[in-house]
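Asker: Starting off with a structure, shown below.
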Amino acid sequence: MINFEYAQPRTEAEAVEFLQSHGGQTAVLAGGTDLFNLLRSDLIAPKRVVDIKRIDSLKGIQQVSDGLLIGAATTLDEILASPLLSPYHSLRQIADAHHSMQIQAMGTVGGDLCHLPNCWYFRNGYGLLGTVNGESLAADGRNQFHAIFGNRGPAMFVSASRFAPALIAWGAKVRLVGPAPDQVELMPLEYFYVNPKTDKQSVTVLQPGQFVTHVWLPAVEPTSPVEQLSAAYEVLQLEGLDWPLASAAVTLGVSAGIVREAQVVLGHVAPTPWVSLDAATVLMGREVTVELAESAAEAAVAHATPLSENDYKVSIARAAVKRAILKAVDMLNV
Ligand SMILES: Cc1cc2nc3c(=O)[nH]c(=O)nc-3n(C[C@H](O)[C@H](O)[C@H](O)COP(=O)(O)OP(=O)(O)OC[C@H]3O[C@@H](n4cnc5c(N)ncnc54)[C@H](O)[C@@H]3O)c2cc1C
């Protein structure tokens with residue numbers, strides 16, 4: 001590991017200032033559960049690490065006029081404990097599914113959203129795109145955990161975030177500050193992610209000197225005639241701490257038993273969270289039944305492009321979508 005400076009700002013403005021120095025060769029430290037792995041393996045070599053955990057405005061969950069603001073430094077434990085999040089079932093299900101007291105205590109929402117890929121070629125020093133002489137190692141190599149969508153190149157890794165699919169299905173936005181001192185941006189989370197075309201790009205739109213401060217969630221109106229239902233279904237190999245092979249998150253607006261609004265987002269199947277408009281279209285205007293959930297799941301994977309060793313992920317993704325839909329309407333009996 002190379003030497004680096006350590007900075008501990010107390011405000012968002014101070015954090016931007018610290019992140020901008022050294023020509024932006026800096027890194028944000030939140031819970032550190034992955035950042036320290038990246039530093040130890042020399043996969044990143046920042047000149048300065050900026051610890052955002054002492055910035056009060058980034059901690060916890062607060063109600064605002066049109067919804068909720070979740071601070072980027074909010075831990076998974078805080079997500080689980082917050083009564084404000086009780087209507088957002090899919091988010092609590094994901095925080096709970098981590099099955100690790102240590103990660104739940106230390107890991108943060110911002111760290112999850114900005115997590116770099118777990119692709120073994122990247123983690124072994126072959127760059128974000130996992131290439132040698134411009135040739136992708138995953139294309140003809142060990143690609144059983146790689147993408148089945150959005151993999152026409154050059155990126156073939158899968159997005160690591162577990163919260164992003166569920167947050168996108170809820171219509172969440174992400175608040176960014178920097179790189180200019182007074183620059184603040186609120187963008188739909190869906191547009192935050194990038195399918196990189198070169199090693200110069202990363203997995204998000206974040207520029208050097210810019211970081212995530214909050215996630216905004218729309219309000220859930222308990223008296224609305226359209227009931228907001230949601231669920232996430234992740235398929236993991238292990239009962240304990242593990243990365244999903246594929247996941248799906250759905251949010252449904254239902255009135256009189258009929259689906260009036262639908263969002264279906266898959267995770268761990270593409271270099272970005274993967275929104276399935278096809279699956280949502282199947283659900284619209286219909287009553288959820290097992291057959292309808294199966295049709296939506298089929299539509300979600302109809303255009304998958306599996307690699308040489310990961311055809312099995314198509315079946316898993318299909319099952320995850322079907323089960324997330326049934327779980328949202330409380331019809332999942334497994
Ligand atoms: C041994 C080990 C195994 C793990 N295995 C799993 C697993 O199997 N499944 C699983 O889901 N999780 C796993 N995790 C947890 C994983 O690291 C989490 O996803 C966690 O939520 C990351 O949050 P963090 O706050 O610790 O992030 P950090 O490690 O602090 O940061 C992660 C990345 O995000 C960037 N970042 C953090 N916050 C921001 C921000 N606000 N703005 C911009 N960039 C930011 C950092 O610079 C870094 O690149 C594991 C962790 C460890 C230590």
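Just remember, in the structure tokens the first chain shown is A, the second B, etc., residues are 1-based per chain, and ligands are 1-based in the order shown.
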Would you write out, as CSV, a table of all residues in range 36-129 of chain A that have an atom no more than 8 Å from an atom of range 147-171 of chain A, listing for each the closest atom pair and the distance in Å to one decimal, considering only C-alpha atoms and ordering rows by chain and rising residue number?
Answerer:
```
residue,atom,partner,partner_atom,distance
A:Ser90,CA,A:Ala166,CA,6.1
A:Leu91,CA,A:Ala166,CA,6.4
A:Ile94,CA,A:Phe163,CA,6.7
A:Val109,CA,A:Phe163,CA,7.6
A:Asp112,CA,A:Ser161,CA,5.2
A:Leu113,CA,A:Ser161,CA,5.2
A:Cys114,CA,A:Ser161,CA,7.2
A:His115,CA,A:Ala160,CA,6.0
A:Leu116,CA,A:Ala160,CA,6.6
A:Pro117,CA,A:Ala160,CA,5.3
A:Asn118,CA,A:Ala160,CA,6.6
A:Cys119,CA,A:Phe157,CA,5.5
A:Leu128,CA,A:Ala155,CA,7.9
A:Leu129,CA,A:Ala155,CA,5.2
```
Asker: For ligand 1, return the neighbouring residues as a list in words (distance at most 6 Å; only C-alpha atoms and all ligand atoms).
Answerer: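 Here is the list of contacting residues: Ala27, Val28, Leu29, Ala30, Gly31, Gly32, Thr33, Asp34, Leu35, Ala72, His98, Ile103, Met106, Gly107, Thr108, Val109, Gly110, Gly111, Asp112, Cys114, His115, Leu116, Phe211, Val212, Thr213, Leu241, Asp242 and Trp243 of chain A.
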Asker: Could you produce a table of the residues of range 206-280 of chain A lying within 7 Å of range 12-24 of chain A, with the nearest pair of atoms per residue and their separation in Å rounded to one decimal, using only C-alpha atoms, ordered by chain and increasing residue number, as JSON lines?
Answerer:
```
{"residue": "A:Pro208", "atom": "CA", "partner": "A:Gly24", "partner_atom": "CA", "distance": 4.7}
{"residue": "A:Gly209", "atom": "CA", "partner": "A:Gln20", "partner_atom": "CA", "distance": 4.4}
{"residue": "A:Gln210", "atom": "CA", "partner": "A:Val16", "partner_atom": "CA", "distance": 6.6}
```
Asker: Please identify all polymer residues within 12 Å of Val220 in chain A, counting only C-alpha atoms, omitting same-chain residues fewer than 5 positions from it, and present them as a PyMOL selection string.
Answerer: chain A and resi 63+65-68+84-89+170-171+225-230+251-253
Asker: Write the residues you've just listed into a file as a tab-separated table (two decimals), in the first residue's frame, and include N, CA and C atoms for each of them.
Answerer:
```tsv
chain	number	residue	atom	x	y	z
A	63	GLN	N	-36.94	13.32	7.37
A	63	GLN	CA	-38.12	13.56	6.55
A	63	GLN	C	-38.00	14.96	5.93
A	65	SER	N	-40.07	17.68	2.85
A	65	SER	CA	-41.47	17.91	2.45
A	65	SER	C	-41.97	16.87	1.44
A	66	ASP	N	-41.11	16.44	0.52
A	66	ASP	CA	-41.57	15.53	-0.54
A	66	ASP	C	-41.03	14.11	-0.41
A	67	GLY	N	-40.49	13.76	0.74
A	67	GLY	CA	-39.99	12.39	0.90
A	67	GLY	C	-38.99	12.26	2.03
A	68	LEU	N	-37.95	11.46	1.77
A	68	LEU	CA	-36.93	11.21	2.79
A	68	LEU	C	-35.56	11.51	2.21
A	84	LEU	N	-38.87	5.45	9.80
A	84	LEU	CA	-39.22	6.21	8.59
A	84	LEU	C	-39.17	5.33	7.35
A	85	LEU	N	-38.34	4.27	7.40
A	85	LEU	CA	-38.17	3.42	6.22
A	85	LEU	C	-39.13	2.22	6.21
A	86	SER	N	-39.99	2.13	7.23
A	86	SER	CA	-40.82	0.92	7.28
A	86	SER	C	-41.74	0.75	6.06
A	87	PRO	N	-42.20	1.82	5.36
A	87	PRO	CA	-43.01	1.54	4.15
A	87	PRO	C	-42.17	1.04	2.97
A	88	TYR	N	-40.86	1.17	3.04
A	88	TYR	CA	-39.99	0.83	1.90
A	88	TYR	C	-39.43	-0.58	2.11
A	89	HIS	N	-40.32	-1.57	1.96
A	89	HIS	CA	-39.95	-2.93	2.34
A	89	HIS	C	-38.69	-3.43	1.64
A	170	TRP	N	-37.75	2.54	-6.64
A	170	TRP	CA	-38.52	3.51	-5.86
A	170	TRP	C	-38.45	4.92	-6.48
A	171	GLY	N	-37.71	5.09	-7.54
A	171	GLY	CA	-37.59	6.43	-8.14
A	171	GLY	C	-36.65	7.33	-7.35
A	225	PRO	N	-54.99	6.33	-2.67
A	225	PRO	CA	-55.77	5.17	-3.16
A	225	PRO	C	-54.88	4.15	-3.88
A	226	VAL	N	-53.69	4.59	-4.30
A	226	VAL	CA	-52.75	3.64	-4.93
A	226	VAL	C	-51.74	3.20	-3.86
A	227	GLU	N	-51.82	1.93	-3.48
A	227	GLU	CA	-50.93	1.41	-2.44
A	227	GLU	C	-49.55	1.10	-3.05
A	228	GLN	N	-48.49	1.55	-2.38
A	228	GLN	CA	-47.14	1.30	-2.88
A	228	GLN	C	-46.58	0.01	-2.24
A	229	LEU	N	-46.35	-0.98	-3.07
A	229	LEU	CA	-45.83	-2.26	-2.58
A	229	LEU	C	-44.44	-2.45	-3.18
A	230	SER	N	-43.56	-3.10	-2.42
A	230	SER	CA	-42.22	-3.31	-2.97
A	230	SER	C	-41.60	-4.57	-2.39
A	251	THR	N	-41.19	-2.23	-7.47
A	251	THR	CA	-42.11	-1.36	-6.75
A	251	THR	C	-43.38	-1.30	-7.59
A	252	LEU	N	-44.50	-1.58	-6.93
A	252	LEU	CA	-45.78	-1.61	-7.64
A	252	LEU	C	-46.74	-0.63	-6.98
A	253	GLY	N	-47.46	0.14	-7.78
A	253	GLY	CA	-48.56	0.95	-7.27
A	253	GLY	C	-49.85	0.20	-7.61
```
Asker: Within 9 Å of range 300-312 of chain A, counting only C-alpha atoms, which residues qualify if same-chain residues fewer than 3 places away don't, as a PyMOL selection string?
Answerer: chain A and resi 138-152+264+266+275-280+295-297+315-318+321
Asker: Go ahead and write the residues just picked, N, CA, C and O atoms, as a short mmCIF file (atom, residue, chain, number, x, y, z; two decimals), in the first residue's frame.
Answerer:
```cif
data_model
loop_
_atom_site.label_atom_id
_atom_site.label_comp_id
_atom_site.auth_asym_id
_atom_site.auth_seq_id
_atom_site.Cartn_x
_atom_site.Cartn_y
_atom_site.Cartn_z
N ALA A 138 -12.53 -11.53 -19.70
CA ALA A 138 -13.79 -12.20 -19.37
C ALA A 138 -14.49 -12.76 -20.61
O ALA A 138 -15.21 -13.76 -20.53
N ALA A 139 -14.24 -12.14 -21.77
CA ALA A 139 -14.98 -12.54 -22.97
C ALA A 139 -14.85 -14.03 -23.24
O ALA A 139 -15.84 -14.72 -23.48
N ASP A 140 -13.60 -14.53 -23.17
CA ASP A 140 -13.40 -15.96 -23.42
C ASP A 140 -12.83 -16.66 -22.20
O ASP A 140 -12.32 -17.78 -22.29
N GLY A 141 -12.89 -15.98 -21.05
CA GLY A 141 -12.27 -16.56 -19.85
C GLY A 141 -13.31 -17.04 -18.87
O GLY A 141 -14.35 -17.57 -19.24
N ARG A 142 -12.97 -16.86 -17.57
CA ARG A 142 -13.85 -17.35 -16.51
C ARG A 142 -14.91 -16.27 -16.27
O ARG A 142 -14.70 -15.33 -15.55
N ASN A 143 -16.04 -16.45 -16.91
CA ASN A 143 -17.05 -15.38 -16.88
C ASN A 143 -18.35 -15.82 -16.23
O ASN A 143 -19.40 -15.23 -16.48
N GLN A 144 -18.27 -16.83 -15.33
CA GLN A 144 -19.55 -17.32 -14.79
C GLN A 144 -20.28 -16.33 -13.89
O GLN A 144 -21.48 -16.46 -13.70
N PHE A 145 -19.55 -15.34 -13.34
CA PHE A 145 -20.21 -14.34 -12.49
C PHE A 145 -20.38 -13.00 -13.22
O PHE A 145 -20.69 -11.99 -12.60
N HIS A 146 -20.15 -12.99 -14.51
CA HIS A 146 -20.17 -11.72 -15.24
C HIS A 146 -21.56 -11.38 -15.80
O HIS A 146 -22.55 -12.04 -15.48
N ALA A 147 -21.59 -10.35 -16.62
CA ALA A 147 -22.86 -9.77 -17.06
C ALA A 147 -23.58 -10.64 -18.09
O ALA A 147 -22.97 -11.30 -18.92
N ILE A 148 -24.91 -10.59 -18.02
CA ILE A 148 -25.74 -11.24 -19.05
C ILE A 148 -26.55 -10.19 -19.83
O ILE A 148 -27.32 -10.53 -20.71
N PHE A 149 -26.40 -8.94 -19.44
CA PHE A 149 -26.98 -7.80 -20.19
C PHE A 149 -25.89 -6.75 -20.32
O PHE A 149 -24.98 -6.69 -19.48
N GLY A 150 -26.01 -5.90 -21.32
CA GLY A 150 -25.10 -4.75 -21.44
C GLY A 150 -23.65 -5.15 -21.54
O GLY A 150 -22.75 -4.40 -21.16
N ASN A 151 -23.40 -6.36 -22.06
CA ASN A 151 -22.03 -6.90 -22.06
C ASN A 151 -21.43 -7.01 -23.46
O ASN A 151 -20.55 -7.83 -23.70
N ARG A 152 -21.95 -6.17 -24.37
CA ARG A 152 -21.40 -6.21 -25.74
C ARG A 152 -20.07 -5.48 -25.81
O ARG A 152 -19.51 -5.27 -26.87
N VAL A 264 -39.43 -2.41 -12.42
CA VAL A 264 -38.72 -3.67 -12.21
C VAL A 264 -37.24 -3.42 -12.55
O VAL A 264 -36.94 -2.96 -13.66
N LEU A 266 -33.24 -5.08 -12.26
CA LEU A 266 -32.40 -6.23 -11.94
C LEU A 266 -31.02 -5.76 -11.47
O LEU A 266 -30.53 -4.71 -11.91
N VAL A 275 -32.72 -1.74 -15.69
CA VAL A 275 -34.16 -1.45 -15.61
C VAL A 275 -34.87 -2.25 -16.71
O VAL A 275 -34.47 -2.19 -17.87
N SER A 276 -35.93 -2.98 -16.32
CA SER A 276 -36.67 -3.75 -17.35
C SER A 276 -38.03 -3.10 -17.59
O SER A 276 -38.99 -3.35 -16.85
N LEU A 277 -38.09 -2.29 -18.64
CA LEU A 277 -39.38 -1.70 -19.02
C LEU A 277 -40.31 -2.79 -19.55
O LEU A 277 -41.52 -2.72 -19.38
N ASP A 278 -39.73 -3.81 -20.18
CA ASP A 278 -40.55 -4.89 -20.75
C ASP A 278 -41.33 -5.60 -19.64
O ASP A 278 -42.53 -5.88 -19.77
N ALA A 279 -40.65 -5.89 -18.53
CA ALA A 279 -41.34 -6.58 -17.43
C ALA A 279 -42.41 -5.68 -16.83
O ALA A 279 -43.53 -6.12 -16.54
N ALA A 280 -42.09 -4.39 -16.68
CA ALA A 280 -43.05 -3.45 -16.10
C ALA A 280 -44.29 -3.34 -16.99
O ALA A 280 -45.43 -3.32 -16.50
N SER A 295 -44.84 -14.31 -16.70
CA SER A 295 -44.74 -13.62 -18.00
C SER A 295 -43.82 -12.41 -17.89
O SER A 295 -43.02 -12.13 -18.79
N ALA A 296 -43.95 -11.66 -16.79
CA ALA A 296 -43.10 -10.48 -16.60
C ALA A 296 -41.64 -10.90 -16.49
O ALA A 296 -40.74 -10.26 -17.05
N ALA A 297 -41.41 -12.01 -15.77
CA ALA A 297 -40.04 -12.49 -15.59
C ALA A 297 -39.45 -12.94 -16.93
O ALA A 297 -38.28 -12.69 -17.23
N SER A 315 -31.60 -18.00 -15.95
CA SER A 315 -32.66 -18.66 -15.18
C SER A 315 -32.79 -18.05 -13.80
O SER A 315 -33.90 -17.86 -13.29
N ILE A 316 -31.63 -17.73 -13.21
CA ILE A 316 -31.66 -17.16 -11.86
C ILE A 316 -32.30 -15.77 -11.88
O ILE A 316 -33.11 -15.43 -11.01
N ALA A 317 -31.95 -14.98 -12.87
CA ALA A 317 -32.53 -13.64 -12.97
C ALA A 317 -34.04 -13.74 -13.20
O ALA A 317 -34.83 -12.99 -12.61
N ARG A 318 -34.44 -14.69 -14.03
CA ARG A 318 -35.87 -14.87 -14.30
C ARG A 318 -36.59 -15.22 -12.98
O ARG A 318 -37.63 -14.64 -12.65
N VAL A 321 -36.92 -12.18 -10.63
CA VAL A 321 -37.98 -11.22 -11.00
C VAL A 321 -39.35 -11.78 -10.59
O VAL A 321 -40.15 -11.09 -9.95
#
```
Asker: What does the structure give for the distance between CA of Ala248 in chain A and CA of Gln93 in chain A, in Å to one decimal?
Answerer: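 Here the two named atoms are 11.8 Å from each other.
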Asker: At what distance in Å, to one decimal, does CA of Ala320 in chain A lie from CA of Pro244 in chain A?
Answerer: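 CA of Ala320 in chain A lies at a distance of 10.6 Å from CA of Pro244 in chain A.
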Asker: List every residue of range 56-286 of chain A that DSSP, applied to the backbone of this structure, places in strand (DSSP E), and write the result as a count of residues only.
Answerer: 62
Asker: What is the CA of Ala299 in chain A to CA of His268 in chain A distance in Å?
Answerer: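 Between CA of Ala299 in chain A and CA of His268 in chain A the gap is 17.6 Å.
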Asker: Among range 6-153 of chain A, which ones does DSSP assign to alpha helix (DSSP H) (computed from the backbone)? Answer as number ranges by chain.
Answerer: A: 12-20, 35-40, 76-81, 89-97, 101-106, 109-113, 120-123
Asker: Please list as an mmCIF file with C-alpha atoms, in the first residue's frame every residue within 12 Å of Arg175 in chain A, counting only C-alpha atoms and excluding residues in the same chain fewer than 5 positions away.
Answerer:
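selection.cif, freshly written:
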```cif
data_model
loop_
_atom_site.group_PDB
_atom_site.id
_atom_site.type_symbol
_atom_site.label_atom_id
_atom_site.label_comp_id
_atom_site.auth_asym_id
_atom_site.auth_seq_id
_atom_site.Cartn_x
_atom_site.Cartn_y
_atom_site.Cartn_z
ATOM 1 C CA GLU A 12 -19.599 18.980 2.927
ATOM 2 C CA LEU A 58 -24.361 12.911 5.952
ATOM 3 C CA LEU A 69 -33.249 12.086 2.665
ATOM 4 C CA ILE A 70 -30.853 9.292 3.539
ATOM 5 C CA GLY A 71 -27.353 10.521 4.345
ATOM 6 C CA ALA A 72 -24.586 8.772 2.409
ATOM 7 C CA GLY A 110 -22.986 5.675 -0.121
ATOM 8 C CA GLN A 183 -21.954 22.748 -7.150
ATOM 9 C CA VAL A 184 -24.932 20.617 -6.058
ATOM 10 C CA GLU A 185 -26.795 18.201 -8.289
ATOM 11 C CA LEU A 186 -29.810 15.953 -7.739
ATOM 12 C CA MET A 187 -30.112 13.247 -10.393
ATOM 13 C CA PRO A 188 -32.215 10.122 -10.835
ATOM 14 C CA LEU A 189 -30.111 7.272 -9.465
ATOM 15 C CA TYR A 191 -28.481 7.998 -14.523
ATOM 16 C CA PHE A 192 -25.726 7.907 -11.901
ATOM 17 C CA LEU A 206 -18.715 11.026 -10.291
ATOM 18 C CA GLN A 210 -17.305 15.110 -6.364
ATOM 19 C CA PHE A 211 -19.084 12.800 -3.939
ATOM 20 C CA VAL A 212 -22.506 11.492 -2.911
ATOM 21 C CA THR A 213 -24.084 13.243 0.067
ATOM 22 C CA HIS A 214 -27.643 11.867 0.125
ATOM 23 C CA VAL A 215 -30.210 9.648 -1.462
ATOM 24 C CA TRP A 216 -33.678 11.159 -1.867
ATOM 25 C CA LEU A 217 -36.711 8.870 -1.739
#
```
Asker: Could you tell me which of A:Ala319, A:Val203, A:Ala231, A:Val177 comes closest to Ala270 in chain A if we count only C-alpha atoms?
Answerer: A:Val203
